[in-house]
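Reviewing the structure listed below.
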Amino acid sequence: MEGFNPDRRNFIKLCTVAGITIFAAPALWQMGNARPSELGRDGLSWRGSGPEPAFRTDGVAKVTGQKIFGRDFRARDMPGWKQQQHYAFVLRCNRVERQFNGVDWSQIPADAQPYAKITAETLADKKLKLPAFYGEAMLLSAGASPLYYGHAVAILLFDDFEKYATAKQALQFNDQVIRYGEQTPPVVRDPYASWRIIRVEGAQGPEGEDLYSPMQDGLFFPIYRDHKPEWPRGANLSGNVSERGMYYAQQIHDQTRRETESGNWHLVRGEYRTQIIDPMMMEPEAANVWLDGEQQTLHLVITSQSPQDFQELAAHMVAESAFATKIKNIVVHSAVVGGGFGAKDHSIFPYYGLVAGLFGSAPVRLANNRFEQFQAGLKRHPFHMRNTLAIDKKTGKFQSLIAEMQVDGGGRQNFSASVSMVGASAIQSIYYLPRNDISAVANQSMNVDSGSMRGYGTLQTMTAMEMMVNQAAEELGIDPIELRLRNAFQNGWRNTQGAVPKVDLRYRELLERAREHAMWRERVQRKQRFEQENPGYLFGTGYAIATKDYGTGAAAPSAAVQFDAAGRLSMAVEFMEMGTGIGTAQSLLLENILGSAADHCTVGEVDAWHALRQFQTESPYTMSQQHQDQMSADPLWTPVTAMASAASMSAYFQSHVTLQAAEILFQQGLLPAARRLWKRDELDGASAQWRDGKLHYGDLPPLTLAQLAAEAHRDGGVTGVMVHGFNRWEWTEADFELDGRQWTWSIDGLALRRGGSAETVRGDEYQIEKRSAVRYPSTALNNAMVTYYAPTAALVEVAVNSGTGEVRIHGLQNYMDCGRTIVRPLVEGQIEGGVAMGIGHALYEYLPPLAEGAGNGTWNLNRYQVPLAKHVPVWNQQHEILPPATEKDPHKGIAEVVMIPIVAALAEAIYQATGKRFNEVPITPEKLRRALNPQVL
């Protein structure tokens, strides 16, 4: 690519925002080559001959160094870019209690001066503002108080690496650089969000109508007084939604108190706390940005899970600034993400890179080192929960749950509102609760921002729930798994929001399998034997189970599948590659429908979908039913055009549209070709079957994919299908008129290709097919909050050193229901990674809040303990994946759920070993040592 030319066919027009045209370059995989890696073109077949692939589609690229991360790219690696590389450094506050009075520029060595100093005044002069999602004060103004630890005050630009490195060494840990003035009170603002989930089952029980629930009655919200939520005071059974809600909430509290006082119910009460955690992804965030003044084009290489959203927000940011007249095009290169765990989803970081590039006289690289990533990167939200679980003493059945959650969102809102809602809706875990009053408040604080980190609130709340269940089992004298079996949620029952889950719930199977395992059945004898053979060590076994929602309630995946005249299949999907092997899994999905896996899969595709010409209007979470009904009449409207690579959405949501595209391609492209070759006017597609790579139909001679593809291309038939879907806890359905016949598919956008030979999916080869009717899920389903679940369970044995408090995992058994696995080894990789993350959260990883925490800029791996190989039971862990109940079981998203039961299982195992119960994580060796040896300081 020589420079930027919007007419080149390897770029497709994305959209125009206030006169700025946005383009997306292909994902960068190979150094110095701005195109996707050639998957499967290296002489080795990733597919192999067995039921599982021989290796990942990107396996060869990974081990030979072709697949690299965004932070590895420099200007010289980008064809057409100016070759000189400049560098940016961000200055940040490590204090918040005093006024910011500017920067002492004399601290920068004379031979390492920046050529540009970007401050809040610079941004104001150029009318540059953050997108509203991220709040205000991108750079702190002199005279203002820092809003949080790590608040940025300036961006410095250097024209060579030596100056940059020298200046950074002089500035990064220098307390004299930023001038602080008089003491100021902490910044206090209203909470980011407050939620209340109240439900009381009706006379018909779990399957009948509720007396009250969010799904049935709606949600209501508090007012804020003195920056604290104040819920409505009125309680009236015949009143509005809030008055009825408060009436039933009071009924729950009163009944819980009465039944407890009368001796019928047993209460487990407790305070539960989780810590701030850093995602610790392999690749810290990075950006490389060049403003090509001659071409009036802004180029950006970013590392983001949500490049689609970045493109649009960046265009608005530029269009509303003084740079609008200087920039006609924005080109975003979405590099492979070296780990994300959610923390690269809507991170603020790329916008600092954008600003640096706007003021640079050459390409500017902004890249966090690990100190900077700790100080400025998104974190996992810490939760403080006060919970009360009521259990009927006679039956062991759960009767009510009252939970109050305080969620620390840090200095910028990010996804705190959503995380607190998801955490509140998840606390019930696998259990049925006839009554619940659950509140969650997402608070602003001076801590580093928390955002979309793996677990998304559910890790925090379900850990507390499992701790309560284990405690209840002991206090009631009921086997912990038996207690869970008595309360396990069943198909058709209503969750805490009053919604009925849409997937088969196999919780009892997971529980019963664990109950029969030797680690559980023989736990008393194994404890006695181990402690006799290992003096000074305490042995214990713990069990926990969890079920995690997957999806967002506004999933909007896209996929395209096509074949060339030789029968080679290629495809593109919207999801980014973050180490999960999505290209491999999505490629393999085609095999049963089209007779072969894809030869090539482009991941993280952005541009091609605009062949669908879809547009969106209001937020899918807040739009009214009236607005949805009105807009649905336009065949190009959709509630959401694109989605981020997050929320464990690839296995189910991305796969859904991949399968839909493949099925439509078979129906509209391959079957007509088969009819012509077999000379059959009527052909039942359901009776045609692929065997050994050939399409069979009765006694007719089998046809290869290459024969069918050649015929489709010769006759001008359909050779590619592009689709878009929308899911609000149910899939949208739409009708399409093709060749005089009506077809109904679970999509809302369709484009077809005829002819074409490109291996990669190109939007300009597709023609839109407008739908004739559409049926979107009701907006009321937003109140369901979740209907898709994937469960895992963990059985853990630990040995605790009674002197040092060190915990060693002696054995671990994991159980999982992920529906139909696509590629089992990839699922197993998710299990192994999830186990490690759970161990880190439970035992090791910890960032203190405020002044001692990551925001002070001094944290790195020398202080932050992540689980190492010696901490993970590499050779002592097993897993069992439930076989699918039917061949039509859905693929379930499991990336996040695996780690959750690990935490509570470890906490219970430690209790069974030591007799010390901990309701706060991490349970560090120091905490255990002090608990076991209180006389020793």
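Residue numbering restarts at 1 in every chain; chains get A, B, ... in the order shown in the structure tokens, and ligands count up from 1 in that same order.
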
Exercise for the section: Compile the contact shell of Glu845 in chain A as a ChimeraX atom specification: residues with an atom at most 12 Å away, counting only C-alpha atoms, same-chain residues fewer than 2 positions apart removed. Expected result: /A:274-280,379-380,836-843,847-848,860-861,863-868,903,921-925

Practice task
Excluding Phe133 in chain A and residues on its chain fewer than 4 positions from it, collect all residues at most 10 Å away from it, counting only C-alpha atoms, and give them as a list in words.
Solution key: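 Listing them by chain and then by number gives Leu313, His346, Ile348, Arg412, Gln413, Asn414 and Phe415 of chain A.
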
Exercise for the section: Return the single residue from A:Tyr352, A:Tyr247, A:Tyr815, A:Tyr844 that is closest to Tyr543 in chain A, with distances computed using only C-alpha atoms. Expected result: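 The shortest atom-to-atom distance to Tyr543 in chain A comes from A:Tyr815.
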
Exercise for the section: Using only C-alpha atoms, pick whichever of A:Leu795, A:Ile20, A:Leu700, A:Leu130 has the shortest atom-to-atom distance to Ile327 in chain A. Expected result: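 Among A:Leu795, A:Ile20, A:Leu700, A:Leu130, it is A:Ile20 that comes nearest to Ile327 in chain A.
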
Problem - Pick from A:His299, A:Lys129, A:Arg513, A:Lys527 nearest to Ile481 in chain A, counting only C-alpha atoms - result: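 Once distances to Ile481 in chain A are computed over only C-alpha atoms, the minimum belongs to A:Arg513.
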